[in-house]
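Following: one structure in structure tokens, then a few remarks.
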Amino acid sequence: MDLDFDLECPECGAAMKATLEDIARQRTVTCRRGHRVTLVDKGGGARQVQGALDGLERSLKRLGG
Ligand SMILES: [Zn+2]
């Protein structure tokens, strides 16, 4: 289960997208102008939400959904 976030490149302001998982895993993403931006999960909030979503997804699958 993925949630998309609209972000801005801190170097050039270009719009970019990251998924919740990207943030939770603190991945490095590249804006369309080639700047590399390391995502920071401040306080671990994205990781907690991702974990909750994964748990929900598993529960739904068990229900056959
Ligand atoms: Zn950029």
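Ordering of the structure tokens sets the chain letters (A, B, ...), residue numbers begin anew at 1 in every chain, and ligands are numbered from 1 in the order given.
Scanning chain A with DSSP on the backbone, the alpha helix (DSSP H) assignments fall on Leu20, Glu21, Asp22, Ile23, Ala24, Gly45, Ala46, Arg47, Gln48, Val49, Gln50, Gly51, Ala52, Leu53, Asp54, Gly55, Leu56, Glu57, Arg58, Ser59, Leu60, Lys61 and Arg62 of chain A.
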Determine, for each residue of chain A having at least one atom at most 10 Å from an atom of ligand 1, the closest pair of atoms and their separation in Å to one decimal, counting only C-alpha atoms and all ligand atoms; order by chain and ascending number, as a tab-separated table.
residue	atom	partner	partner_atom_place_in_ligand_line	distance
A:Glu8	CA	ligand 1	1 (Zn)	8.0
A:Cys9	CA	ligand 1	1 (Zn)	4.7
A:Pro10	CA	ligand 1	1 (Zn)	6.6
A:Glu11	CA	ligand 1	1 (Zn)	4.8
A:Cys12	CA	ligand 1	1 (Zn)	4.2
A:Gly13	CA	ligand 1	1 (Zn)	6.1
A:Ala14	CA	ligand 1	1 (Zn)	5.5
A:Ala15	CA	ligand 1	1 (Zn)	8.4
A:Met16	CA	ligand 1	1 (Zn)	8.8
A:Thr30	CA	ligand 1	1 (Zn)	7.5
A:Cys31	CA	ligand 1	1 (Zn)	4.9
A:Arg32	CA	ligand 1	1 (Zn)	6.5
A:Arg33	CA	ligand 1	1 (Zn)	5.1
A:Gly34	CA	ligand 1	1 (Zn)	6.0
A:His35	CA	ligand 1	1 (Zn)	4.4
A:Arg36	CA	ligand 1	1 (Zn)	7.4
A:Val37	CA	ligand 1	1 (Zn)	8.0
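Of all the residues in chain A, the ones DSSP labels as strand (DSSP E or B) from the backbone are A:Asp4, A:Phe5, A:Asp6, A:Leu7, A:Glu8, A:Ala15, A:Met16, A:Lys17, A:Ala18, A:Thr19, A:Thr28, A:Val29, A:Thr30, A:Arg36, A:Val37, A:Thr38.
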Let's have the selection written as a compact mmCIF listing (two decimals), in the first residue's frame, with N, CA and C atoms.
# COMPACT_ATOMS: atom_id res chain seq x y z
N ASP A 4 1.40 8.60 -1.98
CA ASP A 4 2.31 9.52 -2.65
C ASP A 4 2.31 10.88 -1.97
N PHE A 5 3.49 11.46 -1.90
CA PHE A 5 3.62 12.80 -1.37
C PHE A 5 4.22 13.69 -2.44
N ASP A 6 3.72 14.91 -2.51
CA ASP A 6 4.30 15.90 -3.40
C ASP A 6 5.37 16.66 -2.63
N LEU A 7 6.57 16.63 -3.15
CA LEU A 7 7.68 17.31 -2.50
C LEU A 7 8.28 18.31 -3.47
N GLU A 8 9.11 19.19 -2.92
CA GLU A 8 9.87 20.10 -3.75
C GLU A 8 11.34 19.81 -3.57
N ALA A 15 9.03 20.16 -8.63
CA ALA A 15 8.09 19.26 -7.98
C ALA A 15 8.55 17.83 -8.17
N MET A 16 8.44 17.06 -7.12
CA MET A 16 8.79 15.64 -7.21
C MET A 16 7.87 14.86 -6.30
N LYS A 17 7.80 13.58 -6.57
CA LYS A 17 6.93 12.73 -5.79
C LYS A 17 7.76 11.70 -5.03
N ALA A 18 7.32 11.38 -3.85
CA ALA A 18 7.92 10.29 -3.10
C ALA A 18 6.78 9.50 -2.46
N THR A 19 6.98 8.23 -2.33
CA THR A 19 5.98 7.43 -1.63
C THR A 19 6.30 7.42 -0.14
N THR A 28 17.18 7.85 -1.27
CA THR A 28 17.64 9.00 -2.03
C THR A 28 16.87 9.03 -3.35
N VAL A 29 16.22 10.13 -3.60
CA VAL A 29 15.48 10.27 -4.86
C VAL A 29 16.14 11.37 -5.69
N THR A 30 15.90 11.34 -6.99
CA THR A 30 16.52 12.29 -7.89
C THR A 30 15.44 13.16 -8.53
N ARG A 36 20.20 15.05 -6.28
CA ARG A 36 19.92 13.90 -5.42
C ARG A 36 19.48 14.41 -4.05
N VAL A 37 18.32 13.94 -3.61
CA VAL A 37 17.73 14.39 -2.35
C VAL A 37 17.53 13.17 -1.46
N THR A 38 18.15 13.20 -0.29
CA THR A 38 17.93 12.12 0.66
C THR A 38 16.74 12.46 1.54
Which residues are near Leu53 (chain A)? Cut-off 12 Å, only C-alpha atoms, ignore same chain within fewer than 3 positions. Put them as a PyMOL selection string.
chain A and resi 1-3+20-21+24+46-50+56-60
Gln26 (chain A) surroundings by only C-alpha atoms, 7 Å radius, close-in-sequence under 3 positions cut, as number ranges by chain
A: 22-23, 38-41
Please produce a file of the residues just selected, as a compact mmCIF listing (two decimals), in the first residue's frame, where the atoms kept are C-alpha atoms.
# COMPACT_ATOMS: atom_id res chain seq x y z
CA ASP A 22 10.53 6.06 0.16
CA ILE A 23 10.40 8.33 3.19
CA THR A 38 17.93 12.12 0.66
CA LEU A 39 14.55 11.81 2.32
CA VAL A 40 14.55 12.07 6.08
CA ASP A 41 11.90 10.42 8.19
